[in-house]
Each structure stands twice: as structure tokens, then as C-alpha cells.
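In what follows, a structure is listed as C-alpha cells, so that the remarks can point back to it.
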Amino acid sequence: MKAIDIRSVGIIFSLFITSICSATPKPSDSLSEWVKKFYTVGNLEFSENGKWATFKKWHAQNNDTIMVLDIHAKNSNLGFLIKQPFIEFTPNNHLLSTGDNNAVWWDLINNHKWEIEKVSKAFTIGSGERFCTISREEKAVIYDKKGSVVKSFEGVKGWVKQKDGIGYIFHKVEGNWNIEQLTSTQSKTVFSSKYEIKNIEVLGKTNKFLAITILDKIANKIILQILNIPSGKIVYSKENDFKKFSSVKVKALDNLSTIVIDFQGTIPPENSPWLDIWYGNDRDMESKQYGEQIHDYSVWNANTGAEFQIDNQKFSDVIAFNNSNEVMVFNAVEENDYILHRPLLNIYLYNVSDRSYKLIFRRVSNIVTDGLGKYIIAFDFDKRNWLLYDCQKRILKEIKEPDLQNPVFSSDGTSILLESLLGLMSYDIKNENLRNVIKEKEYKTTVVSPEVVDLNNHFDIKIRKINLKIPLLVKLWSEKNNTTSYRLYKDKDEEINVIPFTKERIKELKFDKKLEKFLFIKENYNIPPQVETYNIITKKNKIWYKVKLSDKSTSLLKQEVFTYKNTLGKELKSVLYYPVNYDSTKKYPMIVHIYQIQSHTSNRYQIPKIDDPLGFNIRLLQQKGYFVLLPDIVHDSRGTGWSALDSVHSALDFLEKFKGIDKKRIGLTGHSHGGYETNFIATHSNRFAAYISGAGHSDIVRAYFSYSYKFNIPFYWQFENQQYEMFKPFAEDKILYFNNNPIMHVEKVNAPILLWTGQKDETVHWGHTIEFYIGLKRNKKKVVALLYKEKEHDVGIGTIESLDLNKRSMEWWDYFLKNKKNIDWINQEMNKDAL
């Protein structure tokens, strides 16, 4: 089967390349060779000492090469790695990489590397004095920094590494299960059991406690034991029924006085062969597919040894947040009415001393704590502002300034940084004073380097803090000009422009531990990516690597960004890409691509692809002689469809006097939400000669009342509080929904349309594509539908389906916008009557 797939890909690739004829840099070069030569770079990694760096080269057909740089050397390129995506630098100037069933240990100072075969995982020990590899055959081997074998272990089932570099493995040996501690100087057995070890986890930042999950299969017991590593004694033990609880999680932060122990299990959904009952008051519909999640929570104090149970019936989740006397608790389904993707939460504080609990927040989201256990901030959904709770004084405060985002506590717990439309704001907790600390009203200001710890990722509960005693790194972005700057604030009087305002896109940014050396990738639509550094001590900027231009026309590419207004006076932008070798005396066809706001992508380097997962590629269309337009779309009270139509028509109106565009040869395309917008516009516009719509809704009333098996919740949240921005339920304004529903006007489509979807798509159910196809067919409209049987919301990269979709999309545009009529699969529709 694999050989057939590869051959098919090769055939489709050849047919696609053969079908495309365009000017290339050298007339003798084939387009296939031209496409293969394009590449980009990404996936930066930077050592903490700022001396070493790696980045990946992404070719159209190959993305396996990782380049290694010495940032201090004149000849910076140390070499490269192949198929080694996992990179770890050590403080003593070594690099450990893994991938493709092997590992590489690289002495960067002497530029000497060892390759080790049959390795699935690897990690460094200590500061890099040793490292450990683990094979698929469950063998662990310890090496010294010169690559010599120190020791090996058989039957290894798992491992964990502490932040201080100490590692642990557990393995089965001679009927026993042992845990080995691996340090920079030795390895020793710290625990042994006759029962199977399922998992191990180091608690907190100190190397003091090890949580061990054990399975007694004879007694059907799952057991949690906590080992005091220095003493070698078990200081906590609890067991549960393995038939009921399949795993146990231990949640501990720096303060080990509140350790949350969570035995977890699942009650399978009822599986009647003939009946499934759905109740109107069900607030946990996810359990219909995955089963009901059950917990046995307890909180253990590592300092006193005291333990108490949490009321598991009332509270579904328990969060330790470094408070020595309290934990956060909530019931995840208490406020779950499905009008939001994630339910709002009522947050209680549970007191471990007297086992009482108190409600501190009602109907909140985006919960952030300071990491000290003192303060919690959350967003009040109903009041649309932030609430701050003082856990020591039991006081709730409101921060009433609107449009504040992304709170970050100072490490000392005295203030909170918040992003705003006025720049970066600081809230003084004691004085309840909010002031501007970075006054950049025209720029979106983002704190770049906060320390973030996920306490509960599903409900977006985090520790977010930053040390304000060291320089503060901030990103400034202008939406108006699409310019970016990175700035370092050392104190009240000193600002350092790490990257001055630039129209180039800063694709990635990394920095050393001292915030003195910065590594980044810079690019633009006509400037290939380049890897650069900036040193704030020497104040020198240096380019270390440039993507080599295989196509000289890249530097000649032309683009314009237009600003105009829609019919309601709202200012919008569009990005217009010119055809390669544009001749102002000629007229060219144009493809319009839609998906909400796109103007911020104007400085992205475009690579030609023939396997794009959405069947749309700007650079290839330019090479084929097309204009490409990316208009911004903003939604308003008229509804999603009508505001999209107005946005697109306003962009076309602005370009009406532009002589280079043939107004009779314009195509419109979009995917997902853009596919819905394409469907709607096709039912109300006469300005397009052809359409391509991918995986878009055709009936938003049906979608509103559907159940999403992708998200396992009803879908109306997407309309009331998410992407569709209707902001009211169907029952309150049915006319609004009907007026923005493509299927209600399907008979008005007046240009050929190509529809495509994956028949395993549950994000936008593939039945919407079939429904629109049936509506078009019944009304004798020209339509072709591509149904990819094994694909979901897109068709993947480098798949048979992606090659097919890209080939057919290009042929569709050439057929209707360039009058190339010798395409059999399109002629089969166009040369026959619809019914």
C-alpha cells in the first residue's frame, strides 16, 4: 500500500508541474526544480549563555535539516543535524539531540559529535556531565560527556527529569521494580517494589519528594506513595480501587504545604444498542462520548503530614496555587450553558484548616494567580472587567478600566501589569492605583517574557509573573502600519531598542538568560528570512544566515497595502500582490482570498507550494500571472455574511480604477469561516467569474442548532460569542440569521463554484458541502464537489489529497479566468446541462 501511495504522489506531482507554464528565472529550469529550491527557516533554539543556536531549514519537500551556529565565531556554521527535532543545550557547551531513532551528543567547543543508534528518548544529567539515552527496546544507557558508557539498565518503562538536572528512571529487574536516581556523578537505587510502577513525578522545585504510582494487579489496587528522597522513607501512601480509578495525578507547586492528590477514573457512557437518551438539563454533554470523569481528591501537607478530603460531589476540580492554607475549587459544569466554548466558573477557596469554603468569584474566566498564594485575578464576564481577590485580607477589588488584557503579576506580588489600548498599564495592589508605565497609544504592547505555569490548561488557570527587578522585554506592534519593535526597559530612565520599529516580520525571537543577546528571524514578502542577533552590550547587530535566493524575481515582487472604508465608514485594509513580471500595459486576472483580518500578514515571506493543505498559495498564483487580493473583513450588526459582502465589495470598489486588473476575470476563495463567507457572497454578488469554497457552512441555522462532535458541545457558542459575531441567540433575531444564511439564497449563485471538504470533517461538518452542492444542483447551477474520503478539516501537507486539491484549484482558475478549456474533469460539468 505504501508503494502505491508514493507512486500516486509522484504521478500527481508530475501532472501538476506539467500543467503549469510560467516565466521562471532561467528558461531551462523546470517549474518542479524551481519550486524545490524555495525554503524558509524557523524553530530557533538559543543556549542560555547566548553562545550557540540552532534553526531548521524548511524546504517544500524536505524539512529535516537543522543548522548549528556558533554565535561568537567568525565562521559561525558548525554543521548540521538530520532528522533531529528535539534539541537540548547544556551549560557546559554541549548539545544533545534526538530523532529518527538515534541521538547526537555534540561537543560544541571542539566541534566533535557522537551518533548513537537505536535511541527513542534522551536527556542530559546535571550540567551536561552525563546524559542518558533510552531505546525502544527499553534499555537506558548512561554516558559521560566524552561519550563513554558509564552504566546501563534493562526493562526501562519511564523517566522524569528534575529542573536541577537530576534524572530518574524506573525499570523492571529480576521480578522487582526499581527507581534509579541519576546525578552528574553517580546512579543509585532510591526505591524498590514488588508491584508494577506506572509513573513517577518529582514534586516542587526541590529534589525532596518523589510521587510514585504503583499497580497491584492481584488486589486490583492503584497506590500512590510519596518518597522522601534524602531519607529514603515513604511519607505518604494511599490506595484506591483500580477498577474505578485508572490513574492518579499529583499537583504540587513550590510551596509543598498544599499538595493536591487526584485519583482519576471514567464511568463509560451507557452503550445501549438501541437507545441513547439526551436530557435538556445536561451540563456535561462531553461525557456522552468520553464518559463521566470521576475524582477522589485529597490535600496533603508535606510539612505537617495532615491530610483531608475534598467534597468530590460538589467540586469537580481542585487547584493548588502555593497558598499554605487554601486551594481553589470549582464545579466545572455549574455555569455551563454552552454559550461559550469554555464554561464560566464560580471559584471557591477551600480552607484546609477548618475545611470551610467561600465563594470569591462568580461567572469568571481567564484566572491568573501570583505564584505566591496571595492574590488571584479573574475576568468578570458579566461586568466585563477584572476582579482581584486578596487571599490574606479576604477583600475583593474591581479594576474598572475597560479593555485590559493578559494580567502579569510582579514576582514580589506588589503590582500587576496589564496590556491595554493605551499602552502597558501597572496596577498598584496596595494603593489600588492604575497608571501608564509605557505610553504607546498607537501600539499593541505585549510583555514578552513572563514566567507561566499552567495550573489547569483546559479552563485557562495560570500563574503569570515576571521579575521587575531585571529588564522588562516588551513587544510593540502597530496595527495601522504593521510595524513591530522589541524594547528592553531597564529602569525608569533607560530604554533599549533591541529591534527598532520595522516593517519586516519578526518571525521568532529568543534570548539568553541575562537578556543581553537576542536571536531572531526577520523577513518580508520580498525579502527571504534571515537569522540575526543583537547584543545590547556591544550594541551590534549581525546577520548570521540568509535564505539563499534561487529565484531572482523574489526581490522584484510587488505588493501594495490599501486603506479605504466600507459603506458604514469603518476603515479597512487590503493587501494586493502583483503578478510576477507585471506589465502595466496588460490586464491580469485576480484571486480574492477571504478570512477575517489578513492585512497583518503582508510582511510574510511567501513560498510556492503545490501541497498546501487548503489548496491556495499566493506565490504560485503570482508566478502564474494572477493578482492576489487579501481584503480585511470586519463584522457588524448586519450579520456575518452581509458584513463580509460589504467588506469585499468595498475593496473591489476601491480597485475599480486600477487598470491592471481585468474586472471580468476575478475569482473568490475561502476555507472554513472563509468558506462560509464565500458561499454567502456567491449568493449575493455578480462580480466574480468563479468561486472555490472549502469546508464552509452552507446553512448557519442548521449549524447553530447542531452538535459539534469536534468540540463535543452544541455549536451555538460559535455564533453568539465567537467567530460569527452574531452576539445574540437565534430566538431573539431569526431574521438576522435567515438573512445571513447562504442556503436561503442558493438559487442566486451566478458563477461556477468548486466545493471541497473532507468526509471526516467534524469542525465544519462535511454535510454542509453536500447541502450546498444539492441546492446548486437542484437550481441547475454549475458546481463540482470534491469529497476527500479520509480527510478532516483540511487535506494535510504532502498528501495525495493536497497535491490533487492544489492541482485542481489551479486548473479551475485557469479554466474560468484564463480560458484554458482543455481540462477534462471541468468540461465534464461545463459541457453538459445540469439536469
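So you can find residues: chains in the C-alpha cells are A, B, ... in the order shown, residues in each start at 1, and ligands are numbered from 1 in order.
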
Give me the residues near region 701-718 of chain A as JSON, numbers by chain, where near means some atom within 10 Å (using only C-alpha atoms) and where sequence neighbours in that chain fewer than 6 positions away do not count.
{"A": [283, 284, 285, 286, 287, 288, 289, 290, 337, 338, 339, 340, 341, 342, 724, 725, 726, 727, 728, 729, 730, 734, 737, 738, 740, 741, 743, 761, 762, 763, 764, 765, 768]}

For Ser47 (chain A), please output as a JSON list (two decimals) with N, CA, C and O atoms, in the first residue's frame all residues within 8 Å (counting only C-alpha atoms; exclusion window: fewer than 2 positions along the same chain).
```json
[["chain", "number", "residue", "atom", "x", "y", "z"],
["A", 45, "GLU", "N", 16.41, 27.80, 18.37],
["A", 45, "GLU", "CA", 16.77, 27.43, 19.74],
["A", 45, "GLU", "C", 18.05, 28.19, 20.09],
["A", 45, "GLU", "O", 18.94, 28.34, 19.26],
["A", 49, "ASN", "N", 23.55, 30.64, 27.62],
["A", 49, "ASN", "CA", 24.71, 31.54, 27.65],
["A", 49, "ASN", "C", 24.84, 32.38, 26.39],
["A", 49, "ASN", "O", 25.77, 33.17, 26.25],
["A", 50, "GLY", "N", 23.91, 32.20, 25.45],
["A", 50, "GLY", "CA", 23.90, 33.03, 24.24],
["A", 50, "GLY", "C", 25.03, 32.73, 23.28],
["A", 50, "GLY", "O", 25.32, 33.56, 22.40],
["A", 51, "LYS", "N", 25.65, 31.56, 23.38],
["A", 51, "LYS", "CA", 26.78, 31.25, 22.51],
["A", 51, "LYS", "C", 26.40, 30.35, 21.34],
["A", 51, "LYS", "O", 27.02, 30.42, 20.28],
["A", 52, "TRP", "N", 25.36, 29.54, 21.50],
["A", 52, "TRP", "CA", 25.02, 28.55, 20.48],
["A", 52, "TRP", "C", 23.57, 28.71, 20.04],
["A", 52, "TRP", "O", 22.71, 29.10, 20.84],
["A", 53, "ALA", "N", 23.33, 28.39, 18.80],
["A", 53, "ALA", "CA", 21.97, 28.50, 18.27],
["A", 53, "ALA", "C", 21.72, 27.41, 17.23],
["A", 53, "ALA", "O", 22.66, 26.93, 16.58],
["A", 89, "PHE", "N", 20.47, 22.18, 24.88],
["A", 89, "PHE", "CA", 21.81, 22.70, 25.15],
["A", 89, "PHE", "C", 22.16, 22.47, 26.63],
["A", 89, "PHE", "O", 21.28, 22.48, 27.49],
["A", 90, "THR", "N", 23.44, 22.30, 26.91],
["A", 90, "THR", "CA", 23.89, 22.17, 28.29],
["A", 90, "THR", "C", 24.70, 23.40, 28.68],
["A", 90, "THR", "O", 25.29, 24.07, 27.81],
["A", 91, "PRO", "N", 24.79, 23.72, 29.99],
["A", 91, "PRO", "CA", 25.62, 24.86, 30.42],
["A", 91, "PRO", "C", 27.10, 24.69, 30.10],
["A", 91, "PRO", "O", 27.82, 25.69, 30.02],
["A", 512, "ASP", "N", 19.11, 35.14, 25.61],
["A", 512, "ASP", "CA", 19.89, 34.41, 26.61],
["A", 512, "ASP", "C", 19.35, 34.70, 28.01],
["A", 512, "ASP", "O", 18.43, 35.51, 28.19]]
```

Could you produce a table of the residues of region 667-717 of chain A lying within 9 Å of region 800-822 of chain A, with the nearest pair of atoms per residue and their separation in Å rounded to one decimal, using only C-alpha atoms, ordered by chain and increasing residue number, as JSON lines?
```
{"residue": "A:Gly667", "atom": "CA", "partner": "A:Trp813", "partner_atom": "CA", "distance": 7.3}
{"residue": "A:Ala689", "atom": "CA", "partner": "A:Phe816", "partner_atom": "CA", "distance": 6.8}
{"residue": "A:Ala690", "atom": "CA", "partner": "A:Phe816", "partner_atom": "CA", "distance": 6.5}
{"residue": "A:Tyr691", "atom": "CA", "partner": "A:Trp813", "partner_atom": "CA", "distance": 8.6}
{"residue": "A:Ile692", "atom": "CA", "partner": "A:Ser809", "partner_atom": "CA", "distance": 7.6}
```

Can you tell me, as number ranges by chain, what residues are no more than 7 Å from Leu422 (chain A) when counting only C-alpha atoms, ignoring any on the same chain fewer than 5 positions away?
A: 439-441

I need the residues from that last selection saved to file as a PDB file, in the first residue's frame (with C-alpha atoms), if you can.
```pdb
ATOM      1  CA  LYS A 439       2.699  55.192  26.934  1.00  0.00           C
ATOM      2  CA  GLU A 440       2.375  53.921  23.379  1.00  0.00           C
ATOM      3  CA  LYS A 441      -1.230  54.619  22.477  1.00  0.00           C
TER       4      LYS A 441
END
```

I'd like to know which of A:Lys244, A:Glu494, A:Val150, A:Lys121 is closest to Glu137 (chain A), using only C-alpha atoms.
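Smallest distance to Glu137 (chain A) is found for A:Lys121.
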
Per DSSP on the backbone, what are the helix (DSSP H, G or I) residues of region 550-779 of chain A, as a PyMOL selection string?
chain A and resi 552-556+599-601+618-623+640-654+673-682+700-704+717-720+730-732+734-739+742-748+767-778
